[in-house]
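*Asks:* Below you will find the structure I want to go over with you.
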Amino acid sequence: MRDILPAERARWRQVEERAHHCAARHGFEEIETPIIESAMLIERGVGESSDAGGKELYRLQPMTEASVPLVLRPEATAGVVRAYHEGHLGAGGVPVRLYSLGSMFRHDRPQAGRYRQFHQFNVEVLGEGSGAIDADLIELGWEWLAAVGLEGVGLELNSIGDESCRPAYLDLLRAYYRPLQDRLHPDCRRRLEESPLRLLDCKEAGCVALKARAPRITDHLCADCARSLAEVRELLQGAGVPHRVNPYLVRGLDYYTRTVFEFQRDNDEGAQSALGGGGRYDGLSAALGFADTPGSGFAMGLERIIANLPGELGGEPRPPLDLLVLIEEGVVSSAGAEVARRARQRVAAAADASPRSLKAKMRSASRAGVRWVALIAAGDVEGRRLRLRDMVSGEQRELDWDQLPEALG
Ligand code: HAM
């Protein structure tokens, strides 16, 4: 977990503002759900066999014996789906487009690009099952990456089938891997029977080599899944979003059906190269005990996006204050406060009422990078006068307190 200090936070804010803008342009509404959810919701949604819903889950100590077991959310999708149903968001017509920005928690091993508290720009569409929705989402993600200035991003796409074609493919996959068990990484050996798709995601050299001859899901899709993948591809082509079908792309969470995708940093072979990812989850609502509702979405990791940004997004960061009111010793602090309040009609301003000499206050004003200082000496208060100094040109002029906002034009 880390602090985002002010110098860095300004950049985060620009990235977030562009997320709000791009999402709004695609008709998405903002939603905020609690960072705490019931353990059952997350385990059913993300899947206990996945890392994020299993060993990496932060569990809260129950407050009383009767407490519902609670966890810190490892991702947003299950909570957004819950909120969609509990808030009857589909009642006004579907699809419903929702986005959010917020913290997620996963108790993973600390390593480059992985944090235990991290932030996602998360986007979901509920109520429509077409590939057109998937393509529109991906286009939104693509536009946002361009808007924040991130270049060299690749998009990998796959379909992992649905309940009518995936079971037969999983059987083929198990049949392929069973005779090779001794050559698998121990975690993969354990996963073979229960979640064989995860074997395709293993980064161990031995498992990567075996994957090259594994059956490909894209050769075993049912007609509906194949059609949906073709539609997504065609729409992405039309939108000018370059992509590559990777028949071995699978995702770390259990709820996906059909389309899955990842935005990846080019020329980056590391396990942490995914900037974001998502896909379709048509079975999730029913798995959580709600009415059957198709859904699709993605999440981008803000830490990884920001770490990969070149240079400054919007020029040099601005100093927090434009103007400081400096009062001489003996001047009541209310005079400084009043003048600062007037200045705030136009610029960011504060008063320095510390018991220091005017000279010392001038030095710190100059270090703070303010554009103006307003000086109030002991003799100025009665006549409500001040001296406004332009710190860039060095020019100084005398005015009434009331004239200050206008002078700052
Ligand atoms: P995910 O692939 O688990 O998907 O996470 C999405 C992104 O969050 C990753 O690509 C990465 O950038 C970032 N991320 C994940 N874990 C960490 C970490 N420990 N430290 C830093 N960044 C991290 C999901 O979370 C799905 N809920 C996406 C989705 C939405 N699918 C459908 N709708």
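Identifiers in this document derive from the order of the structure tokens: chains are assigned A, B, ..., residues are numbered from 1 separately in each chain, and ligands are numbered from 1 in order of occurrence.
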As a quick test: using only C-alpha atoms and all ligand atoms, which residues lie no more than 9 Å away from ligand 1? Give them as a VMD selection string.
*Replies:* chain A and resid 46 52 74 to 78 104 to 125 251 to 253 255 to 256 260 262 to 264 272 to 281 295 to 305
*Asks:* Let's see if you can do this: from backbone DSSP, list all helix (DSSP H, G or I) residues in region 133-334 of chain A, as an mmCIF file with N, CA, C and O atoms, in the first residue's frame.
*Replies:*
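Result file is selection.cif:
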```cif
data_model
loop_
_atom_site.group_PDB
_atom_site.id
_atom_site.type_symbol
_atom_site.label_atom_id
_atom_site.label_comp_id
_atom_site.auth_asym_id
_atom_site.auth_seq_id
_atom_site.Cartn_x
_atom_site.Cartn_y
_atom_site.Cartn_z
ATOM 1 N N ILE A 133 -21.810 -4.745 -27.454
ATOM 2 C CA ILE A 133 -21.535 -4.115 -26.157
ATOM 3 C C ILE A 133 -20.053 -4.290 -25.821
ATOM 4 O O ILE A 133 -19.379 -3.346 -25.387
ATOM 5 N N ASP A 134 -19.536 -5.501 -26.039
ATOM 6 C CA ASP A 134 -18.123 -5.764 -25.723
ATOM 7 C C ASP A 134 -17.222 -4.831 -26.536
ATOM 8 O O ASP A 134 -16.272 -4.250 -26.012
ATOM 9 N N ALA A 135 -17.547 -4.681 -27.820
ATOM 10 C CA ALA A 135 -16.713 -3.840 -28.685
ATOM 11 C C ALA A 135 -16.783 -2.376 -28.249
ATOM 12 O O ALA A 135 -15.773 -1.672 -28.236
ATOM 13 N N ASP A 136 -17.979 -1.927 -27.854
ATOM 14 C CA ASP A 136 -18.131 -0.536 -27.425
ATOM 15 C C ASP A 136 -17.309 -0.266 -26.164
ATOM 16 O O ASP A 136 -16.652 0.770 -26.026
ATOM 17 N N LEU A 137 -17.331 -1.234 -25.243
ATOM 18 C CA LEU A 137 -16.542 -1.105 -24.008
ATOM 19 C C LEU A 137 -15.057 -0.993 -24.316
ATOM 20 O O LEU A 137 -14.339 -0.162 -23.755
ATOM 21 N N ILE A 138 -14.623 -1.883 -25.194
ATOM 22 C CA ILE A 138 -13.194 -1.907 -25.529
ATOM 23 C C ILE A 138 -12.793 -0.587 -26.179
ATOM 24 O O ILE A 138 -11.742 -0.013 -25.883
ATOM 25 N N GLU A 139 -13.700 -0.072 -27.025
ATOM 26 C CA GLU A 139 -13.410 1.203 -27.684
ATOM 27 C C GLU A 139 -13.287 2.325 -26.643
ATOM 28 O O GLU A 139 -12.409 3.189 -26.739
ATOM 29 N N LEU A 140 -14.160 2.294 -25.644
ATOM 30 C CA LEU A 140 -14.082 3.280 -24.559
ATOM 31 C C LEU A 140 -12.719 3.181 -23.851
ATOM 32 O O LEU A 140 -12.057 4.193 -23.604
ATOM 33 N N GLY A 141 -12.297 1.960 -23.528
ATOM 34 C CA GLY A 141 -11.000 1.779 -22.871
ATOM 35 C C GLY A 141 -9.866 2.297 -23.735
ATOM 36 O O GLY A 141 -8.943 2.963 -23.261
ATOM 37 N N TRP A 142 -9.980 2.023 -25.017
ATOM 38 C CA TRP A 142 -8.948 2.438 -25.973
ATOM 39 C C TRP A 142 -8.866 3.959 -26.039
ATOM 40 O O TRP A 142 -7.789 4.557 -26.042
ATOM 41 N N GLU A 143 -10.035 4.604 -26.106
ATOM 42 C CA GLU A 143 -10.077 6.073 -26.175
ATOM 43 C C GLU A 143 -9.478 6.699 -24.923
ATOM 44 O O GLU A 143 -8.766 7.700 -24.982
ATOM 45 N N TRP A 144 -9.785 6.086 -23.787
ATOM 46 C CA TRP A 144 -9.267 6.636 -22.524
ATOM 47 C C TRP A 144 -7.742 6.506 -22.470
ATOM 48 O O TRP A 144 -7.058 7.443 -22.055
ATOM 49 N N LEU A 145 -7.216 5.369 -22.904
ATOM 50 C CA LEU A 145 -5.751 5.195 -22.903
ATOM 51 C C LEU A 145 -5.097 6.258 -23.781
ATOM 52 O O LEU A 145 -4.067 6.826 -23.426
ATOM 53 N N ALA A 146 -5.745 6.547 -24.930
ATOM 54 C CA ALA A 146 -5.200 7.585 -25.813
ATOM 55 C C ALA A 146 -5.332 8.954 -25.144
ATOM 56 O O ALA A 146 -4.417 9.777 -25.211
ATOM 57 N N ALA A 147 -6.453 9.178 -24.460
ATOM 58 C CA ALA A 147 -6.690 10.483 -23.828
ATOM 59 C C ALA A 147 -5.685 10.761 -22.714
ATOM 60 O O ALA A 147 -5.325 11.913 -22.472
ATOM 61 N N VAL A 148 -5.227 9.735 -22.024
ATOM 62 C CA VAL A 148 -4.235 9.976 -20.962
ATOM 63 C C VAL A 148 -2.821 9.988 -21.536
ATOM 64 O O VAL A 148 -1.871 10.283 -20.828
ATOM 65 N N ARG A 166 -18.044 -24.798 -23.474
ATOM 66 C CA ARG A 166 -16.848 -24.851 -22.628
ATOM 67 C C ARG A 166 -16.622 -26.202 -21.944
ATOM 68 O O ARG A 166 -15.480 -26.678 -21.899
ATOM 69 N N PRO A 167 -17.681 -26.862 -21.406
ATOM 70 C CA PRO A 167 -17.417 -28.135 -20.704
ATOM 71 C C PRO A 167 -16.674 -29.148 -21.579
ATOM 72 O O PRO A 167 -15.722 -29.792 -21.112
ATOM 73 N N ALA A 168 -17.059 -29.238 -22.843
ATOM 74 C CA ALA A 168 -16.392 -30.218 -23.718
ATOM 75 C C ALA A 168 -14.939 -29.809 -23.949
ATOM 76 O O ALA A 168 -14.031 -30.650 -23.992
ATOM 77 N N TYR A 169 -14.705 -28.491 -24.068
ATOM 78 C CA TYR A 169 -13.325 -28.022 -24.251
ATOM 79 C C TYR A 169 -12.494 -28.305 -22.999
ATOM 80 O O TYR A 169 -11.333 -28.736 -23.100
ATOM 81 N N LEU A 170 -13.078 -28.095 -21.821
ATOM 82 C CA LEU A 170 -12.328 -28.348 -20.583
ATOM 83 C C LEU A 170 -11.939 -29.830 -20.493
ATOM 84 O O LEU A 170 -10.838 -30.168 -20.037
ATOM 85 N N ASP A 171 -12.838 -30.711 -20.962
ATOM 86 C CA ASP A 171 -12.507 -32.139 -20.980
ATOM 87 C C ASP A 171 -11.302 -32.395 -21.874
ATOM 88 O O ASP A 171 -10.398 -33.167 -21.531
ATOM 89 N N LEU A 172 -11.299 -31.748 -23.031
ATOM 90 C CA LEU A 172 -10.165 -31.908 -23.958
ATOM 91 C C LEU A 172 -8.864 -31.426 -23.309
ATOM 92 O O LEU A 172 -7.807 -32.039 -23.459
ATOM 93 N N LEU A 173 -8.992 -30.308 -22.599
ATOM 94 C CA LEU A 173 -7.816 -29.714 -21.962
ATOM 95 C C LEU A 173 -7.274 -30.651 -20.880
ATOM 96 O O LEU A 173 -6.065 -30.895 -20.785
ATOM 97 N N ARG A 174 -8.182 -31.206 -20.065
ATOM 98 C CA ARG A 174 -7.750 -32.154 -19.022
ATOM 99 C C ARG A 174 -7.103 -33.369 -19.662
ATOM 100 O O ARG A 174 -6.059 -33.850 -19.213
ATOM 101 N N ALA A 175 -7.718 -33.846 -20.734
ATOM 102 C CA ALA A 175 -7.186 -35.047 -21.401
ATOM 103 C C ALA A 175 -5.785 -34.773 -21.955
ATOM 104 O O ALA A 175 -4.911 -35.647 -21.941
ATOM 105 N N TYR A 176 -5.559 -33.534 -22.414
ATOM 106 C CA TYR A 176 -4.237 -33.177 -22.940
ATOM 107 C C TYR A 176 -3.199 -33.126 -21.813
ATOM 108 O O TYR A 176 -2.077 -33.617 -21.950
ATOM 109 N N TYR A 177 -3.588 -32.522 -20.686
ATOM 110 C CA TYR A 177 -2.614 -32.289 -19.612
ATOM 111 C C TYR A 177 -2.376 -33.503 -18.709
ATOM 112 O O TYR A 177 -1.308 -33.627 -18.116
ATOM 113 N N ARG A 178 -3.371 -34.406 -18.580
ATOM 114 C CA ARG A 178 -3.215 -35.511 -17.613
ATOM 115 C C ARG A 178 -1.935 -36.304 -17.810
ATOM 116 O O ARG A 178 -1.189 -36.517 -16.849
ATOM 117 N N PRO A 179 -1.621 -36.715 -19.043
ATOM 118 C CA PRO A 179 -0.379 -37.503 -19.202
ATOM 119 C C PRO A 179 0.879 -36.654 -18.952
ATOM 120 O O PRO A 179 1.969 -37.222 -18.826
ATOM 121 N N LEU A 180 0.730 -35.330 -18.880
ATOM 122 C CA LEU A 180 1.904 -34.445 -18.718
ATOM 123 C C LEU A 180 2.047 -33.951 -17.279
ATOM 124 O O LEU A 180 2.908 -33.112 -16.996
ATOM 125 N N GLN A 181 1.214 -34.501 -16.391
ATOM 126 C CA GLN A 181 1.132 -33.991 -15.010
ATOM 127 C C GLN A 181 2.480 -33.796 -14.337
ATOM 128 O O GLN A 181 2.709 -32.794 -13.664
ATOM 129 N N ASP A 182 3.376 -34.749 -14.531
ATOM 130 C CA ASP A 182 4.665 -34.693 -13.829
ATOM 131 C C ASP A 182 5.489 -33.480 -14.246
ATOM 132 O O ASP A 182 6.396 -33.072 -13.527
ATOM 133 N N ARG A 183 5.190 -32.952 -15.420
ATOM 134 C CA ARG A 183 5.985 -31.811 -15.907
ATOM 135 C C ARG A 183 5.345 -30.466 -15.559
ATOM 136 O O ARG A 183 5.869 -29.411 -15.920
ATOM 137 N N PRO A 186 3.594 -27.417 -9.499
ATOM 138 C CA PRO A 186 2.704 -28.040 -8.494
ATOM 139 C C PRO A 186 1.324 -27.375 -8.394
ATOM 140 O O PRO A 186 0.305 -28.070 -8.274
ATOM 141 N N ASP A 187 1.271 -26.022 -8.480
ATOM 142 C CA ASP A 187 -0.041 -25.345 -8.419
ATOM 143 C C ASP A 187 -0.914 -25.797 -9.578
ATOM 144 O O ASP A 187 -2.118 -25.991 -9.434
ATOM 145 N N CYS A 188 -0.304 -25.950 -10.740
ATOM 146 C CA CYS A 188 -1.071 -26.330 -11.935
ATOM 147 C C CYS A 188 -1.556 -27.780 -11.819
ATOM 148 O O CYS A 188 -2.662 -28.107 -12.250
ATOM 149 N N ARG A 189 -0.718 -28.627 -11.241
ATOM 150 C CA ARG A 189 -1.118 -30.024 -11.048
ATOM 151 C C ARG A 189 -2.394 -30.068 -10.199
ATOM 152 O O ARG A 189 -3.311 -30.820 -10.468
ATOM 153 N N ARG A 190 -2.414 -29.205 -9.170
ATOM 154 C CA ARG A 190 -3.582 -29.154 -8.287
ATOM 155 C C ARG A 190 -4.810 -28.630 -9.030
ATOM 156 O O ARG A 190 -5.926 -29.058 -8.788
ATOM 157 N N ARG A 191 -4.587 -27.670 -9.941
ATOM 158 C CA ARG A 191 -5.718 -27.012 -10.619
ATOM 159 C C ARG A 191 -6.274 -27.830 -11.776
ATOM 160 O O ARG A 191 -7.348 -27.531 -12.289
ATOM 161 N N LEU A 192 -5.533 -28.835 -12.175
ATOM 162 C CA LEU A 192 -5.858 -29.553 -13.409
ATOM 163 C C LEU A 192 -7.309 -30.022 -13.477
ATOM 164 O O LEU A 192 -7.987 -29.798 -14.479
ATOM 165 N N GLU A 193 -7.793 -30.662 -12.420
ATOM 166 C CA GLU A 193 -9.149 -31.207 -12.495
ATOM 167 C C GLU A 193 -10.207 -30.126 -12.299
ATOM 168 O O GLU A 193 -11.208 -30.101 -12.996
ATOM 169 N N GLU A 194 -9.945 -29.195 -11.357
ATOM 170 C CA GLU A 194 -10.987 -28.237 -11.006
ATOM 171 C C GLU A 194 -11.061 -27.032 -11.938
ATOM 172 O O GLU A 194 -12.152 -26.631 -12.354
ATOM 173 N N PRO A 196 -9.002 -26.194 -15.110
ATOM 174 C CA PRO A 196 -7.916 -26.413 -16.074
ATOM 175 C C PRO A 196 -7.573 -25.182 -16.921
ATOM 176 O O PRO A 196 -6.445 -25.075 -17.405
ATOM 177 N N LEU A 197 -8.542 -24.226 -17.058
ATOM 178 C CA LEU A 197 -8.224 -23.024 -17.854
ATOM 179 C C LEU A 197 -7.049 -22.261 -17.250
ATOM 180 O O LEU A 197 -6.261 -21.629 -17.955
ATOM 181 N N ARG A 198 -6.945 -22.314 -15.912
ATOM 182 C CA ARG A 198 -5.876 -21.568 -15.234
ATOM 183 C C ARG A 198 -4.486 -22.044 -15.659
ATOM 184 O O ARG A 198 -3.504 -21.328 -15.536
ATOM 185 N N LEU A 199 -4.388 -23.287 -16.152
ATOM 186 C CA LEU A 199 -3.086 -23.801 -16.583
ATOM 187 C C LEU A 199 -2.535 -22.984 -17.747
ATOM 188 O O LEU A 199 -1.329 -22.858 -17.925
ATOM 189 N N LEU A 200 -3.466 -22.421 -18.529
ATOM 190 C CA LEU A 200 -3.047 -21.650 -19.699
ATOM 191 C C LEU A 200 -2.462 -20.299 -19.298
ATOM 192 O O LEU A 200 -1.811 -19.625 -20.088
ATOM 193 N N ASP A 201 -2.714 -19.921 -18.051
ATOM 194 C CA ASP A 201 -2.295 -18.608 -17.555
ATOM 195 C C ASP A 201 -0.974 -18.682 -16.788
ATOM 196 O O ASP A 201 -0.436 -17.668 -16.363
ATOM 197 N N ALA A 205 8.126 -21.465 -16.912
ATOM 198 C CA ALA A 205 8.639 -21.831 -18.241
ATOM 199 C C ALA A 205 8.138 -23.210 -18.688
ATOM 200 O O ALA A 205 7.720 -23.382 -19.841
ATOM 201 N N GLY A 206 8.141 -24.195 -17.776
ATOM 202 C CA GLY A 206 7.720 -25.557 -18.137
ATOM 203 C C GLY A 206 6.279 -25.582 -18.622
ATOM 204 O O GLY A 206 5.951 -26.196 -19.646
ATOM 205 N N CYS A 207 5.409 -24.867 -17.897
ATOM 206 C CA CYS A 207 3.987 -24.849 -18.260
ATOM 207 C C CYS A 207 3.771 -24.061 -19.556
ATOM 208 O O CYS A 207 2.925 -24.419 -20.376
ATOM 209 N N VAL A 208 4.541 -22.983 -19.724
ATOM 210 C CA VAL A 208 4.411 -22.179 -20.945
ATOM 211 C C VAL A 208 4.737 -23.057 -22.165
ATOM 212 O O VAL A 208 4.040 -23.027 -23.187
ATOM 213 N N ALA A 209 5.785 -23.892 -22.039
ATOM 214 C CA ALA A 209 6.179 -24.760 -23.158
ATOM 215 C C ALA A 209 5.081 -25.775 -23.478
ATOM 216 O O ALA A 209 4.763 -26.007 -24.649
ATOM 217 N N LEU A 210 4.453 -26.331 -22.460
ATOM 218 C CA LEU A 210 3.395 -27.326 -22.696
ATOM 219 C C LEU A 210 2.152 -26.703 -23.334
ATOM 220 O O LEU A 210 1.434 -27.350 -24.093
ATOM 221 N N LYS A 211 1.940 -25.443 -23.031
ATOM 222 C CA LYS A 211 0.749 -24.753 -23.539
ATOM 223 C C LYS A 211 0.742 -24.703 -25.070
ATOM 224 O O LYS A 211 -0.318 -24.757 -25.691
ATOM 225 N N ILE A 217 -9.281 -23.112 -27.516
ATOM 226 C CA ILE A 217 -10.729 -22.931 -27.352
ATOM 227 C C ILE A 217 -11.365 -22.411 -28.634
ATOM 228 O O ILE A 217 -12.486 -22.775 -28.977
ATOM 229 N N THR A 218 -10.630 -21.585 -29.374
ATOM 230 C CA THR A 218 -11.209 -20.986 -30.582
ATOM 231 C C THR A 218 -11.551 -22.044 -31.641
ATOM 232 O O THR A 218 -12.326 -21.788 -32.550
ATOM 233 N N ASP A 219 -10.952 -23.256 -31.518
ATOM 234 C CA ASP A 219 -11.299 -24.342 -32.446
ATOM 235 C C ASP A 219 -12.519 -25.121 -31.965
ATOM 236 O O ASP A 219 -12.957 -26.053 -32.634
ATOM 237 N N ALA A 223 -21.614 -22.339 -32.180
ATOM 238 C CA ALA A 223 -21.889 -21.354 -33.225
ATOM 239 C C ALA A 223 -22.163 -19.965 -32.647
ATOM 240 O O ALA A 223 -21.676 -18.955 -33.168
ATOM 241 N N ASP A 224 -22.904 -19.894 -31.532
ATOM 242 C CA ASP A 224 -23.238 -18.584 -30.949
ATOM 243 C C ASP A 224 -21.988 -17.864 -30.457
ATOM 244 O O ASP A 224 -21.828 -16.655 -30.661
ATOM 245 N N CYS A 225 -21.104 -18.608 -29.789
ATOM 246 C CA CYS A 225 -19.882 -17.984 -29.257
ATOM 247 C C CYS A 225 -18.971 -17.547 -30.408
ATOM 248 O O CYS A 225 -18.373 -16.470 -30.364
ATOM 249 N N ALA A 226 -18.880 -18.381 -31.439
ATOM 250 C CA ALA A 226 -18.020 -18.043 -32.580
ATOM 251 C C ALA A 226 -18.548 -16.783 -33.269
ATOM 252 O O ALA A 226 -17.787 -15.888 -33.645
ATOM 253 N N ARG A 227 -19.884 -16.711 -33.403
ATOM 254 C CA ARG A 227 -20.499 -15.544 -34.050
ATOM 255 C C ARG A 227 -20.233 -14.280 -33.232
ATOM 256 O O ARG A 227 -19.918 -13.224 -33.763
ATOM 257 N N SER A 228 -20.344 -14.423 -31.907
ATOM 258 C CA SER A 228 -20.140 -13.268 -31.035
ATOM 259 C C SER A 228 -18.696 -12.757 -31.129
ATOM 260 O O SER A 228 -18.460 -11.543 -31.232
ATOM 261 N N LEU A 229 -17.741 -13.687 -31.161
ATOM 262 C CA LEU A 229 -16.333 -13.281 -31.277
ATOM 263 C C LEU A 229 -16.093 -12.577 -32.618
ATOM 264 O O LEU A 229 -15.412 -11.549 -32.684
ATOM 265 N N ALA A 230 -16.709 -13.123 -33.677
ATOM 266 C CA ALA A 230 -16.531 -12.514 -35.002
ATOM 267 C C ALA A 230 -17.113 -11.104 -35.020
ATOM 268 O O ALA A 230 -16.534 -10.184 -35.606
ATOM 269 N N GLU A 231 -18.254 -10.928 -34.346
ATOM 270 C CA GLU A 231 -18.886 -9.596 -34.310
ATOM 271 C C GLU A 231 -17.988 -8.595 -33.578
ATOM 272 O O GLU A 231 -17.787 -7.463 -34.045
ATOM 273 N N VAL A 232 -17.438 -9.022 -32.452
ATOM 274 C CA VAL A 232 -16.561 -8.117 -31.696
ATOM 275 C C VAL A 232 -15.373 -7.706 -32.573
ATOM 276 O O VAL A 232 -15.023 -6.531 -32.665
ATOM 277 N N ARG A 233 -14.794 -8.684 -33.255
ATOM 278 C CA ARG A 233 -13.612 -8.401 -34.090
ATOM 279 C C ARG A 233 -13.945 -7.424 -35.214
ATOM 280 O O ARG A 233 -13.204 -6.491 -35.483
ATOM 281 N N GLU A 234 -15.089 -7.678 -35.841
ATOM 282 C CA GLU A 234 -15.471 -6.818 -36.962
ATOM 283 C C GLU A 234 -15.704 -5.376 -36.492
ATOM 284 O O GLU A 234 -15.264 -4.419 -37.124
ATOM 285 N N LEU A 235 -16.363 -5.242 -35.340
ATOM 286 C CA LEU A 235 -16.640 -3.898 -34.826
ATOM 287 C C LEU A 235 -15.353 -3.195 -34.401
ATOM 288 O O LEU A 235 -15.211 -1.985 -34.577
ATOM 289 N N LEU A 236 -14.423 -3.958 -33.831
ATOM 290 C CA LEU A 236 -13.152 -3.343 -33.419
ATOM 291 C C LEU A 236 -12.379 -2.867 -34.647
ATOM 292 O O LEU A 236 -11.762 -1.804 -34.636
ATOM 293 N N GLN A 237 -12.447 -3.691 -35.680
ATOM 294 C CA GLN A 237 -11.768 -3.301 -36.923
ATOM 295 C C GLN A 237 -12.344 -1.985 -37.440
ATOM 296 O O GLN A 237 -11.612 -1.069 -37.782
ATOM 297 N N GLY A 238 -13.683 -1.905 -37.443
ATOM 298 C CA GLY A 238 -14.373 -0.697 -37.911
ATOM 299 C C GLY A 238 -14.010 0.508 -37.059
ATOM 300 O O GLY A 238 -13.970 1.640 -37.544
ATOM 301 N N ALA A 239 -13.755 0.265 -35.770
ATOM 302 C CA ALA A 239 -13.436 1.374 -34.852
ATOM 303 C C ALA A 239 -11.959 1.719 -34.895
ATOM 304 O O ALA A 239 -11.522 2.645 -34.214
ATOM 305 N N LEU A 284 -23.045 -14.369 -14.131
ATOM 306 C CA LEU A 284 -22.712 -13.867 -12.791
ATOM 307 C C LEU A 284 -23.953 -13.506 -11.963
ATOM 308 O O LEU A 284 -24.047 -13.893 -10.794
ATOM 309 N N SER A 285 -24.905 -12.799 -12.568
ATOM 310 C CA SER A 285 -26.093 -12.388 -11.795
ATOM 311 C C SER A 285 -26.777 -13.611 -11.189
ATOM 312 O O SER A 285 -27.102 -13.621 -9.995
ATOM 313 N N ALA A 286 -26.980 -14.646 -11.999
ATOM 314 C CA ALA A 286 -27.660 -15.850 -11.501
ATOM 315 C C ALA A 286 -26.817 -16.531 -10.431
ATOM 316 O O ALA A 286 -27.335 -16.987 -9.406
ATOM 317 N N ALA A 287 -25.495 -16.556 -10.607
ATOM 318 C CA ALA A 287 -24.622 -17.200 -9.608
ATOM 319 C C ALA A 287 -24.700 -16.478 -8.265
ATOM 320 O O ALA A 287 -24.496 -17.073 -7.215
ATOM 321 N N LEU A 302 -5.109 1.808 -12.201
ATOM 322 C CA LEU A 302 -4.590 3.181 -12.312
ATOM 323 C C LEU A 302 -3.095 3.262 -11.986
ATOM 324 O O LEU A 302 -2.355 4.017 -12.621
ATOM 325 N N GLU A 303 -2.624 2.484 -11.004
ATOM 326 C CA GLU A 303 -1.195 2.530 -10.665
ATOM 327 C C GLU A 303 -0.360 2.172 -11.892
ATOM 328 O O GLU A 303 0.637 2.813 -12.199
ATOM 329 N N ARG A 304 -0.787 1.125 -12.588
ATOM 330 C CA ARG A 304 0.010 0.667 -13.744
ATOM 331 C C ARG A 304 -0.070 1.646 -14.895
ATOM 332 O O ARG A 304 0.898 1.850 -15.620
ATOM 333 N N ILE A 305 -1.231 2.262 -15.083
ATOM 334 C CA ILE A 305 -1.378 3.248 -16.156
ATOM 335 C C ILE A 305 -0.462 4.438 -15.851
ATOM 336 O O ILE A 305 0.308 4.885 -16.702
ATOM 337 N N ILE A 306 -0.549 4.948 -14.635
ATOM 338 C CA ILE A 306 0.182 6.168 -14.289
ATOM 339 C C ILE A 306 1.689 5.906 -14.306
ATOM 340 O O ILE A 306 2.464 6.744 -14.760
ATOM 341 N N ALA A 307 2.099 4.720 -13.881
ATOM 342 C CA ALA A 307 3.536 4.392 -13.893
ATOM 343 C C ALA A 307 4.085 4.359 -15.323
ATOM 344 O O ALA A 307 5.274 4.563 -15.541
ATOM 345 N N SER A 333 -5.184 39.047 13.074
ATOM 346 C CA SER A 333 -5.230 38.003 12.046
ATOM 347 C C SER A 333 -6.521 38.073 11.242
ATOM 348 O O SER A 333 -6.580 37.633 10.096
ATOM 349 N N SER A 334 -7.582 38.683 11.832
ATOM 350 C CA SER A 334 -8.842 38.771 11.080
ATOM 351 C C SER A 334 -8.667 39.648 9.831
ATOM 352 O O SER A 334 -9.366 39.451 8.833
#
```
*Asks:* Could you give me, as a list in words, the residues within 9 Å of Arg389 (chain A), counting only C-alpha atoms and dropping anything in the same chain fewer than 5 positions from it?
*Replies:*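 The contact residues come out as Arg371, Trp372, Val373, Ala374, Leu375, Gly394, Glu395, Gln396, Arg397 and Glu398 of chain A.
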*Asks:* Just N, CA and C atoms for this one: save the residues we selected as a short mmCIF file (atom, residue, chain, number, x, y, z; two decimals), in the first residue's frame.
*Replies:*
```
data_model
loop_
_atom_site.label_atom_id
_atom_site.label_comp_id
_atom_site.auth_asym_id
_atom_site.auth_seq_id
_atom_site.Cartn_x
_atom_site.Cartn_y
_atom_site.Cartn_z
N ARG A 371 2.18 33.76 -7.08
CA ARG A 371 2.28 34.80 -8.09
C ARG A 371 2.23 36.19 -7.43
N TRP A 372 1.39 36.30 -6.39
CA TRP A 372 1.23 37.60 -5.72
C TRP A 372 1.38 37.48 -4.21
N VAL A 373 1.83 38.56 -3.58
CA VAL A 373 1.63 38.69 -2.14
C VAL A 373 0.91 40.01 -1.87
N ALA A 374 0.04 39.96 -0.87
CA ALA A 374 -0.65 41.18 -0.42
C ALA A 374 -0.09 41.50 0.96
N LEU A 375 0.57 42.65 1.07
CA LEU A 375 1.23 43.02 2.33
C LEU A 375 0.34 43.96 3.12
N GLY A 394 7.91 41.95 -9.99
CA GLY A 394 8.44 42.74 -8.87
C GLY A 394 7.66 44.03 -8.66
N GLU A 395 6.67 44.31 -9.55
CA GLU A 395 5.88 45.54 -9.41
C GLU A 395 5.03 45.50 -8.15
N GLN A 396 4.85 46.68 -7.57
CA GLN A 396 4.05 46.74 -6.35
C GLN A 396 3.13 47.94 -6.45
N ARG A 397 1.86 47.76 -6.04
CA ARG A 397 0.97 48.94 -6.01
C ARG A 397 0.06 48.88 -4.79
N GLU A 398 -0.43 50.06 -4.46
CA GLU A 398 -1.24 50.15 -3.26
C GLU A 398 -2.71 50.19 -3.64
#
```
*Asks:* Leaving out Leu326 (chain A) and any residue of its chain fewer than 5 positions from it, which residues lie within 10 Å of it when counting only C-alpha atoms, given as a ChimeraX atom specification?
*Replies:* /A:331,333,336,339-340,350-354,356-359,361-362,365,373-377,386-387
*Asks:* Restricting the calculation to only C-alpha atoms, which member of A:Thr259, A:Arg318, A:Met1, A:Asp266 is positioned closest to Ala348 (chain A)?
*Replies:* A:Arg318
*Asks:* Nearest residue to Gly152 (chain A) out of A:Ile42, A:Ile36, A:Leu309, A:Leu60, using only C-alpha atoms?
*Replies:*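 Of all the options, A:Leu309 lies closest to Gly152 (chain A).
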*Asks:* Write down as a ChimeraX atom specification the residues of region 83-244 of chain A whose backbone DSSP state falls under strand (DSSP E or B).
*Replies:* /A:96-105,111,114,117-126,153-159,244
*Asks:* Set the distance at 10 Å and use only C-alpha atoms: which residues neighbour region 9-11 of chain A once local chain neighbours fewer than 3 positions away are removed? I'd like the list as number ranges by chain.
*Replies:* A: 3-6, 14-17, 148, 306, 309, 312-314, 317-318
*Asks:* Pick from A:Gly369, A:Pro355, A:Gly283, A:Pro215: nearest to Glu163 (chain A), with only C-alpha atoms counted?
*Replies:*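 Checking each of A:Gly369, A:Pro355, A:Gly283, A:Pro215 against Glu163 (chain A), counting only C-alpha atoms, the winner is A:Gly283.
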